[in-house]
Every structure is written in structure tokens, then in C-alpha cells.
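Structure record follows, encoded as C-alpha cells.
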Amino acid sequence: MAGKRLILMGPPGGGKGTQAKRLQDRYGIVQLSTGDMLRAAVKAGTAVGKEAKAVMDDGKLVSDDLIVAMIADRIAEADCANGFILDGFPRTVPQAQALDKLLKDKGIRLDSVIEVAVPDARLIERITGRFTCAKCGEGYHDKFKQLKKAGVCDVCGSTEFIRRADDNAETVGARLKAYHDQTAPLMPYYKAQGLLKVVDGDRDMNLVTGDLERILGT
Ligand code: ADP
Ligand code: ADP
Ligand code: ZN
């Protein structure tokens with residue numbers, strides 16, 4: 001039986017957040033997005049936010065220590081007890097090792113690590129077309145997931161939207177480099193643990209969701 005503590009891996013713009021939100025609703029498990037947490041910290045002007053901002057704007061990775069401390073606090077919260085989807089974490093081998101230790105100390109283990117695979121050539125278009133509702137966080141795309149009514153969020157009716165500062169063609173190159181250099185080594189790491197599954201993320205988002213649901217079961 002497939003369980004419900006999982007990691008969604010994949011390149012920037014690959015569809016992790018889109019899929020994690022759907023799995024959150026479907027299975028009642030929480031999405032833990034380190035990118036969202038960092039953006040909230042930047043917005044709130046906390047010490048973590050101040051440290052992370054310039055690094056994020058450059059498309060580089062924030063320090064392992066900062067990220068691991070942030071996720072350790074978050075996983076300890078009550079809403080994670082029923083399961084969680086790690087979205088955008090871990091991104092380096094030291095982060096994965098720290099996660100292994102953290103979970104071991106809590107007496108829990110990961111059920112699956114799923115790579116949403118998308119070729120680099122697709123990602124610039126995915127990233128530069130991305131925007132989200134400022135109020136409810138629903139994700140959209142200029143071409144691939146348009147608003148049903150122009151200027152109005154399908155979900156909550158808000159008329160305010162956000163585009164990320166790092167979602168520009170210049171920064172994408174650095175983000176892809178970080179992915180290939182620092183995050184790709186996690187695939188063999190989890191493969192060796194027998195946890196890795198790969199889904200083809202270069203298809204319609206509903207088909208990707210179907211694959212994920214087949215892996216996770218009921
Ligand atoms: P990530 O969290 O991996 O960075 P997102 O889920 O934010 O990626 O997706 C990036 C952009 O691509 C969003 O605008 C989203 O609406 C769109 N998108 C997600 N999945 C697909 C897909 N399968 N096909 C086309 N566009 C997609
Ligand atoms: P993406 O859409 O590229 O997958 P995220 O929202 O996951 O973006 O991350 C945005 C930025 O936040 C990254 O480019 C990086 O600077 C920082 N970040 C997020 N998660 C991590 C992590 N686990 N380790 C280091 N940096 C991170
Ligand atoms: Zn909304």
C-alpha cells in the first residue's frame with residue numbers, strides 16, 4: 001500500500017506546486033513548499049527573508065542550514081501528522097541526509113519520492129507564463145491555465161495577481177543550472193533507497209495528476 005509522506009521532485013516550473021495542491025485536496029495531506037515559505041519570509045521582512053532574498057533573485061540555492069531549520073520546525077506542527085508533500089525540498093544531498101535524520105528521530109519514514117520529469121526546453125515557457133492569485137494562491141498560466149473570466153480568479157473572485165520576481169528568462173538559466181548540478185544527484189540517492197518513481201510531467205496537467213493518484217492509491 002502506498003503511503004502519504006512524499007517528496008515531489010522536479011525542475012523549476014515543472015508542475016510540482018500545481019500537483020502538490022491537487023494532492024493536498026485529494027488526500028488531506030499538507031503541501032510543504034520551501035519556496036512559498038521563503039517568499040512569505042521575504043514579504044514579512046524576517047531575518048530569514050533578508051538572508052534569502054538576494055540568493056533567490058539570483059536563482060541560486062539558499063543555504064542548507066537555513067532551509068533544514070525551517071522545514072524541521074514546519075514538520076513538527078500538528079497538521080503534518082496525517083502526511084505531507086514536500087515540494088521543492090530537499091534540493092541538495094546534504095538536505096536529503098538531514099531529512100533522513102529528522103524523520104528517523106521522529107520514527108517516521110518516507111513512502112515515495114516522485115520525480116515530475118520535464119525537459120529543460122519546456123521550462124522557460126512554463127516559468128515566464130506563470131502567475132498566481134494574490135488572495136488564495138491558485139496557480140495560473142498565460143497559455144496553459146488561463147483565467148475563465150479575464151482578470152478574475154476562478155476560485156475566489158479576487159482581481160489581484162502576482163508574478164514572482166525570479167520568474168524571468170534571465171534567472172531561469174541559473175535555476176536550471178542549480179537543478180542539474182545540485183538537485184539531480186538526489187535521483188540516484190533515492191533510487192538506491194528504492195523510493196524513486198518517475199512520472200512524465202511533459203503532458204496535460206490532468207494526466208500527470210492521474211499518474212500521481214495511481215502511485216498513491218486511494
Ligand atoms: P513548480 O512548482 O514545479 O515550479 P508550477 O506548478 O508552478 O511549477 O507550474 C509552473 C507553471 O506551469 C504554472 O503556470 C502552471 O500553471 C503551469 N503548468 C503546470 N503543470 C503544467 C502542465 N502539465 N502543462 C502545462 N503547464 C503546466
Ligand atoms: P521553483 O518554481 O523554481 O521550483 P521554488 O518556489 O521551489 O521554485 O523556489 C524558489 C527559490 O527559493 C529557489 O530558486 C531557491 O532560491 C529557494 N529555495 C526554495 N527551496 C529551496 C531549498 N530546498 N534549498 C535551497 N533553496 C531553496
Ligand atoms: Zn483566488
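Residue numbering restarts at 1 for every chain of the C-alpha cells, chains are lettered A, B, ... in their displayed order, and ligands are numbered from 1 as they appear.
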Q: Name all residues at most 12 Å from Asp202 in chain A (count only C-alpha atoms; drop same-chain ones fewer than 6 positions away) and give them as a list of chain:residue names.
A: A:Gly10, A:Pro11, A:Gly13, A:Gly14, A:Gly15, A:Glu115, A:Val116, A:Ala117, A:Val118, A:Pro119, A:Asp120, A:Ala121, A:Arg122, A:Leu123, A:Arg126, A:Val208, A:Thr209
Could you give me the residues within range 25-218 of chain A that DSSP places in helix (DSSP H, G or I), as a CSV table (one decimal) with N, CA and C atoms, in the first residue's frame?
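The new file result.csv reads:
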```csv
chain,number,residue,atom,x,y,z
A,25,ASP,N,-5.6,18.5,-1.6
A,25,ASP,CA,-7.0,18.5,-1.6
A,25,ASP,C,-7.6,17.0,-1.6
A,26,ARG,N,-7.0,16.2,-2.4
A,26,ARG,CA,-7.4,14.9,-2.7
A,26,ARG,C,-7.2,14.0,-1.4
A,27,TYR,N,-6.1,14.1,-0.8
A,27,TYR,CA,-5.7,13.2,0.3
A,27,TYR,C,-5.7,13.8,1.7
A,34,THR,N,9.0,24.9,0.3
A,34,THR,CA,10.0,25.7,0.9
A,34,THR,C,10.1,27.1,0.2
A,35,GLY,N,9.8,27.1,-1.1
A,35,GLY,CA,9.8,28.3,-1.9
A,35,GLY,C,8.7,29.2,-1.4
A,36,ASP,N,7.5,28.7,-1.1
A,36,ASP,CA,6.4,29.5,-0.6
A,36,ASP,C,6.8,30.1,0.8
A,37,MET,N,7.4,29.2,1.6
A,37,MET,CA,7.8,29.7,3.0
A,37,MET,C,8.8,30.8,2.9
A,38,LEU,N,9.8,30.6,2.0
A,38,LEU,CA,10.8,31.7,1.8
A,38,LEU,C,10.2,33.0,1.3
A,39,ARG,N,9.3,32.9,0.3
A,39,ARG,CA,8.6,34.1,-0.2
A,39,ARG,C,7.8,34.8,0.9
A,40,ALA,N,7.2,34.0,1.8
A,40,ALA,CA,6.4,34.6,2.9
A,40,ALA,C,7.4,35.3,3.8
A,41,ALA,N,8.5,34.7,4.1
A,41,ALA,CA,9.5,35.3,5.0
A,41,ALA,C,10.1,36.6,4.4
A,42,VAL,N,10.3,36.6,3.0
A,42,VAL,CA,10.8,37.8,2.4
A,42,VAL,C,9.8,38.9,2.5
A,43,LYS,N,8.5,38.6,2.3
A,43,LYS,CA,7.4,39.6,2.3
A,43,LYS,C,7.3,40.1,3.8
A,44,ALA,N,7.4,39.3,4.8
A,44,ALA,CA,7.3,39.7,6.1
A,44,ALA,C,8.5,40.4,6.7
A,47,ALA,N,14.3,37.9,9.5
A,47,ALA,CA,15.8,37.7,9.3
A,47,ALA,C,16.0,36.6,8.2
A,48,VAL,N,15.2,35.6,8.2
A,48,VAL,CA,15.4,34.5,7.2
A,48,VAL,C,15.1,35.2,5.8
A,49,GLY,N,14.1,36.0,5.7
A,49,GLY,CA,13.7,36.6,4.5
A,49,GLY,C,14.8,37.5,4.0
A,50,LYS,N,15.4,38.2,4.9
A,50,LYS,CA,16.5,39.2,4.5
A,50,LYS,C,17.7,38.4,4.0
A,51,GLU,N,18.0,37.2,4.6
A,51,GLU,CA,19.1,36.4,4.2
A,51,GLU,C,18.8,35.8,2.8
A,52,ALA,N,17.6,35.4,2.6
A,52,ALA,CA,17.3,34.6,1.4
A,52,ALA,C,17.0,35.4,0.1
A,53,LYS,N,16.6,36.7,0.3
A,53,LYS,CA,16.1,37.4,-0.9
A,53,LYS,C,17.1,37.5,-2.1
A,54,ALA,N,18.3,38.0,-1.8
A,54,ALA,CA,19.2,38.2,-2.9
A,54,ALA,C,19.6,36.9,-3.6
A,55,VAL,N,19.7,35.8,-2.8
A,55,VAL,CA,20.0,34.5,-3.3
A,55,VAL,C,18.9,34.0,-4.3
A,56,MET,N,17.7,34.2,-3.8
A,56,MET,CA,16.6,33.8,-4.6
A,56,MET,C,16.5,34.6,-5.9
A,57,ASP,N,16.7,35.9,-5.8
A,57,ASP,CA,16.7,36.8,-7.0
A,57,ASP,C,17.7,36.4,-8.0
A,64,ASP,N,21.8,25.3,3.1
A,64,ASP,CA,21.2,24.1,3.6
A,64,ASP,C,20.7,24.3,5.1
A,65,ASP,N,21.5,24.9,5.9
A,65,ASP,CA,21.2,25.1,7.3
A,65,ASP,C,19.9,25.9,7.5
A,66,LEU,N,19.8,26.9,6.8
A,66,LEU,CA,18.6,27.8,6.9
A,66,LEU,C,17.3,26.9,6.5
A,67,ILE,N,17.4,26.3,5.4
A,67,ILE,CA,16.3,25.5,4.9
A,67,ILE,C,15.9,24.3,5.8
A,68,VAL,N,16.9,23.6,6.3
A,68,VAL,CA,16.7,22.5,7.1
A,68,VAL,C,16.0,22.9,8.4
A,69,ALA,N,16.5,24.0,9.0
A,69,ALA,CA,15.9,24.5,10.2
A,69,ALA,C,14.4,24.9,10.0
A,70,MET,N,14.2,25.5,8.9
A,70,MET,CA,12.8,25.9,8.5
A,70,MET,C,11.9,24.7,8.4
A,71,ILE,N,12.3,23.7,7.7
A,71,ILE,CA,11.5,22.5,7.4
A,71,ILE,C,11.3,21.7,8.7
A,72,ALA,N,12.3,21.6,9.5
A,72,ALA,CA,12.2,20.9,10.8
A,72,ALA,C,11.1,21.5,11.7
A,73,ASP,N,11.1,22.8,11.7
A,73,ASP,CA,10.0,23.5,12.5
A,73,ASP,C,8.6,23.2,11.9
A,74,ARG,N,8.6,23.2,10.6
A,74,ARG,CA,7.3,23.0,10.0
A,74,ARG,C,6.7,21.6,10.1
A,75,ILE,N,7.6,20.6,9.9
A,75,ILE,CA,7.2,19.2,10.0
A,75,ILE,C,6.7,18.8,11.4
A,78,ALA,N,1.3,20.2,14.1
A,78,ALA,CA,0.3,19.2,14.2
A,78,ALA,C,-0.4,18.7,12.8
A,79,ASP,N,-0.5,19.7,11.9
A,79,ASP,CA,-1.2,19.4,10.6
A,79,ASP,C,-0.4,18.4,9.7
A,80,CYS,N,0.9,18.2,10.1
A,80,CYS,CA,1.7,17.3,9.3
A,80,CYS,C,1.5,15.8,9.7
A,93,VAL,N,22.0,17.1,-1.7
A,93,VAL,CA,22.2,15.8,-0.9
A,93,VAL,C,22.3,16.1,0.6
A,94,PRO,N,23.0,17.1,1.0
A,94,PRO,CA,23.0,17.4,2.5
A,94,PRO,C,21.6,17.6,3.0
A,95,GLN,N,20.7,18.3,2.3
A,95,GLN,CA,19.4,18.4,2.7
A,95,GLN,C,18.7,17.1,2.9
A,96,ALA,N,18.9,16.2,1.9
A,96,ALA,CA,18.2,14.9,1.9
A,96,ALA,C,18.8,14.1,3.1
A,97,GLN,N,20.0,14.2,3.4
A,97,GLN,CA,20.6,13.5,4.6
A,97,GLN,C,20.0,14.0,5.9
A,98,ALA,N,19.9,15.4,5.9
A,98,ALA,CA,19.3,16.0,7.1
A,98,ALA,C,17.8,15.5,7.3
A,99,LEU,N,17.1,15.4,6.2
A,99,LEU,CA,15.7,15.0,6.2
A,99,LEU,C,15.6,13.5,6.7
A,100,ASP,N,16.5,12.7,6.2
A,100,ASP,CA,16.5,11.3,6.7
A,100,ASP,C,16.7,11.2,8.2
A,101,LYS,N,17.6,12.0,8.7
A,101,LYS,CA,17.9,12.0,10.1
A,101,LYS,C,16.7,12.5,10.9
A,102,LEU,N,16.1,13.6,10.4
A,102,LEU,CA,15.0,14.2,11.1
A,102,LEU,C,13.8,13.3,11.2
A,103,LEU,N,13.5,12.5,10.1
A,103,LEU,CA,12.4,11.6,10.1
A,103,LEU,C,12.7,10.4,11.0
A,104,LYS,N,13.9,9.9,10.9
A,104,LYS,CA,14.3,8.8,11.7
A,104,LYS,C,14.2,9.1,13.2
A,105,ASP,N,14.6,10.3,13.6
A,105,ASP,CA,14.4,10.7,15.0
A,105,ASP,C,13.0,10.7,15.4
A,106,LYS,N,12.1,11.0,14.5
A,106,LYS,CA,10.6,11.0,14.8
A,106,LYS,C,10.0,9.7,14.7
A,120,ASP,N,14.2,20.5,-20.2
A,120,ASP,CA,14.6,22.0,-20.0
A,120,ASP,C,13.9,22.9,-21.0
A,121,ALA,N,13.8,22.4,-22.2
A,121,ALA,CA,13.2,23.3,-23.3
A,121,ALA,C,11.8,23.8,-23.0
A,122,ARG,N,11.1,23.0,-22.2
A,122,ARG,CA,9.7,23.4,-21.9
A,122,ARG,C,9.6,24.5,-20.8
A,123,LEU,N,10.7,24.6,-20.0
A,123,LEU,CA,10.5,25.2,-18.7
A,123,LEU,C,10.5,26.7,-18.7
A,124,ILE,N,11.2,27.3,-19.7
A,124,ILE,CA,11.2,28.8,-19.8
A,124,ILE,C,9.8,29.3,-20.1
A,125,GLU,N,9.1,28.6,-21.0
A,125,GLU,CA,7.7,29.0,-21.3
A,125,GLU,C,6.8,28.8,-20.1
A,126,ARG,N,7.0,27.7,-19.4
A,126,ARG,CA,6.2,27.4,-18.2
A,126,ARG,C,6.4,28.5,-17.1
A,127,ILE,N,7.7,28.9,-16.9
A,127,ILE,CA,8.0,29.8,-15.9
A,127,ILE,C,7.6,31.3,-16.2
A,128,THR,N,7.9,31.7,-17.4
A,128,THR,CA,7.6,33.1,-17.8
A,128,THR,C,6.1,33.3,-17.9
A,169,ALA,N,13.2,35.2,-17.8
A,169,ALA,CA,14.1,34.4,-18.7
A,169,ALA,C,15.6,34.4,-18.2
A,170,GLU,N,16.0,35.5,-17.6
A,170,GLU,CA,17.4,35.6,-17.2
A,170,GLU,C,17.7,34.7,-16.1
A,171,THR,N,16.9,34.7,-15.1
A,171,THR,CA,17.1,33.9,-13.9
A,171,THR,C,16.9,32.4,-14.1
A,172,VAL,N,16.1,32.1,-15.1
A,172,VAL,CA,15.8,30.6,-15.3
A,172,VAL,C,17.0,29.8,-15.5
A,173,GLY,N,18.0,30.4,-16.3
A,173,GLY,CA,19.2,29.7,-16.6
A,173,GLY,C,20.0,29.3,-15.3
A,174,ALA,N,20.1,30.2,-14.4
A,174,ALA,CA,20.8,29.9,-13.1
A,174,ALA,C,20.0,28.9,-12.3
A,175,ARG,N,18.6,28.9,-12.4
A,175,ARG,CA,17.8,28.0,-11.6
A,175,ARG,C,18.0,26.6,-12.2
A,176,LEU,N,18.0,26.5,-13.5
A,176,LEU,CA,18.2,25.2,-14.2
A,176,LEU,C,19.6,24.6,-13.9
A,177,LYS,N,20.6,25.5,-13.9
A,177,LYS,CA,21.9,25.0,-13.6
A,177,LYS,C,22.0,24.5,-12.1
A,178,ALA,N,21.4,25.2,-11.2
A,178,ALA,CA,21.3,24.7,-9.8
A,178,ALA,C,20.6,23.4,-9.7
A,179,TYR,N,19.6,23.2,-10.5
A,179,TYR,CA,18.8,22.0,-10.5
A,179,TYR,C,19.7,20.8,-11.0
A,180,HIS,N,20.4,21.0,-12.1
A,180,HIS,CA,21.2,19.9,-12.7
A,180,HIS,C,22.4,19.6,-11.8
A,181,ASP,N,23.0,20.7,-11.3
A,181,ASP,CA,24.3,20.5,-10.5
A,181,ASP,C,24.0,19.9,-9.1
A,182,GLN,N,23.0,20.5,-8.5
A,182,GLN,CA,22.8,20.2,-7.0
A,182,GLN,C,21.6,19.3,-6.7
A,183,THR,N,20.6,19.4,-7.5
A,183,THR,CA,19.4,18.6,-7.2
A,183,THR,C,19.3,17.2,-7.9
A,186,LEU,N,20.1,13.8,-6.4
A,186,LEU,CA,19.1,13.2,-5.4
A,186,LEU,C,18.4,12.0,-6.1
A,187,MET,N,18.3,12.0,-7.4
A,187,MET,CA,17.6,10.9,-8.0
A,187,MET,C,18.3,9.5,-7.7
A,188,PRO,N,19.6,9.4,-8.0
A,188,PRO,CA,20.3,8.2,-7.6
A,188,PRO,C,20.3,7.9,-6.1
A,189,TYR,N,20.3,9.0,-5.3
A,189,TYR,CA,20.2,8.9,-3.8
A,189,TYR,C,18.9,8.1,-3.4
A,190,TYR,N,17.8,8.6,-4.0
A,190,TYR,CA,16.5,8.0,-3.6
A,190,TYR,C,16.3,6.7,-4.3
A,191,LYS,N,16.9,6.5,-5.5
A,191,LYS,CA,16.8,5.3,-6.2
A,191,LYS,C,17.4,4.2,-5.4
A,192,ALA,N,18.6,4.5,-4.9
A,192,ALA,CA,19.3,3.5,-4.1
A,192,ALA,C,18.5,3.1,-2.8
A,205,MET,N,-1.8,18.6,-17.6
A,205,MET,CA,-1.7,18.5,-16.1
A,205,MET,C,-2.7,17.5,-15.5
A,206,ASN,N,-3.8,17.2,-16.1
A,206,ASN,CA,-4.7,16.2,-15.6
A,206,ASN,C,-4.2,14.8,-15.7
A,207,LEU,N,-3.5,14.6,-16.8
A,207,LEU,CA,-2.8,13.3,-17.0
A,207,LEU,C,-1.7,13.0,-16.0
A,208,VAL,N,-1.0,14.1,-15.7
A,208,VAL,CA,0.0,14.0,-14.6
A,208,VAL,C,-0.6,13.7,-13.3
A,209,THR,N,-1.7,14.3,-13.0
A,209,THR,CA,-2.4,14.1,-11.7
A,209,THR,C,-2.9,12.6,-11.6
A,210,GLY,N,-3.4,12.1,-12.8
A,210,GLY,CA,-3.8,10.7,-12.8
A,210,GLY,C,-2.7,9.7,-12.5
A,211,ASP,N,-1.5,10.0,-13.0
A,211,ASP,CA,-0.4,9.1,-12.8
A,211,ASP,C,0.0,9.2,-11.3
A,212,LEU,N,0.0,10.4,-10.7
A,212,LEU,CA,0.3,10.5,-9.3
A,212,LEU,C,-0.7,9.8,-8.4
A,213,GLU,N,-2.0,9.9,-8.8
A,213,GLU,CA,-3.0,9.2,-8.0
A,213,GLU,C,-2.9,7.7,-8.1
A,214,ARG,N,-2.5,7.2,-9.3
A,214,ARG,CA,-2.2,5.8,-9.4
A,214,ARG,C,-1.1,5.3,-8.5
A,215,ILE,N,-0.1,6.1,-8.4
A,215,ILE,CA,1.0,5.8,-7.5
A,215,ILE,C,0.6,5.8,-6.0
A,216,LEU,N,-0.2,6.8,-5.7
A,216,LEU,CA,-0.5,7.0,-4.3
A,216,LEU,C,-1.7,6.1,-3.8
```
**Q.** Distance filter 7 Å around ligand 3, atoms: only C-alpha atoms and all ligand atoms, out as a list in words
**A.**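 For ligand 3, the residues inside 7 Å are Cys133, Ala134, Lys135, Cys136, Gly137, Glu138, Cys153, Asp154, Val155, Cys156, Gly157 and Ser158 of chain A.
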Could you dump the residues just selected with N, CA, C and O atoms as a tab-separated table (two decimals), in the first residue's frame?
```
chain	number	residue	atom	x	y	z
A	133	CYS	N	-2.93	33.80	-7.94
A	133	CYS	CA	-3.88	34.70	-7.29
A	133	CYS	C	-3.25	35.23	-6.00
A	133	CYS	O	-2.73	34.46	-5.19
A	134	ALA	N	-3.32	36.55	-5.81
A	134	ALA	CA	-2.71	37.17	-4.63
A	134	ALA	C	-3.48	36.80	-3.36
A	134	ALA	O	-2.93	36.82	-2.27
A	135	LYS	N	-4.74	36.42	-3.51
A	135	LYS	CA	-5.56	36.18	-2.32
A	135	LYS	C	-5.56	34.71	-1.93
A	135	LYS	O	-5.28	34.36	-0.79
A	136	CYS	N	-5.85	33.81	-2.88
A	136	CYS	CA	-6.00	32.39	-2.50
A	136	CYS	C	-4.82	31.53	-2.95
A	136	CYS	O	-4.74	30.36	-2.58
A	137	GLY	N	-3.92	32.08	-3.76
A	137	GLY	CA	-2.73	31.33	-4.15
A	137	GLY	C	-2.93	30.38	-5.32
A	137	GLY	O	-1.99	29.68	-5.72
A	138	GLU	N	-4.13	30.33	-5.89
A	138	GLU	CA	-4.35	29.45	-7.04
A	138	GLU	C	-3.36	29.80	-8.16
A	138	GLU	O	-3.12	30.97	-8.44
A	153	CYS	N	-10.03	35.74	-10.50
A	153	CYS	CA	-9.64	34.39	-10.08
A	153	CYS	C	-10.83	33.44	-10.13
A	153	CYS	O	-11.89	33.74	-9.58
A	154	ASP	N	-10.63	32.28	-10.76
A	154	ASP	CA	-11.70	31.27	-10.87
A	154	ASP	C	-12.18	30.82	-9.50
A	154	ASP	O	-13.35	30.50	-9.31
A	155	VAL	N	-11.23	30.74	-8.56
A	155	VAL	CA	-11.53	30.12	-7.27
A	155	VAL	C	-12.17	31.09	-6.30
A	155	VAL	O	-13.19	30.78	-5.67
A	156	CYS	N	-11.59	32.29	-6.16
A	156	CYS	CA	-12.04	33.18	-5.07
A	156	CYS	C	-12.58	34.52	-5.56
A	156	CYS	O	-13.04	35.33	-4.76
A	157	GLY	N	-12.49	34.79	-6.86
A	157	GLY	CA	-13.05	36.04	-7.38
A	157	GLY	C	-12.16	37.26	-7.23
A	157	GLY	O	-12.52	38.35	-7.65
A	158	SER	N	-10.97	37.06	-6.64
A	158	SER	CA	-10.07	38.21	-6.47
A	158	SER	C	-9.60	38.73	-7.84
A	158	SER	O	-9.56	37.98	-8.83
```
Q. Taking only C-alpha atoms and all ligand atoms into account, which of A:Leu32, A:Ala81, A:Ile114, A:Leu23 comes nearest ligand 2?
A. A:Leu32
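Distances to ligand 2 were evaluated for A:Leu61, A:Val198, A:Ile162, A:Ala76 using only C-alpha atoms and all ligand atoms, and the minimum falls at A:Leu61.
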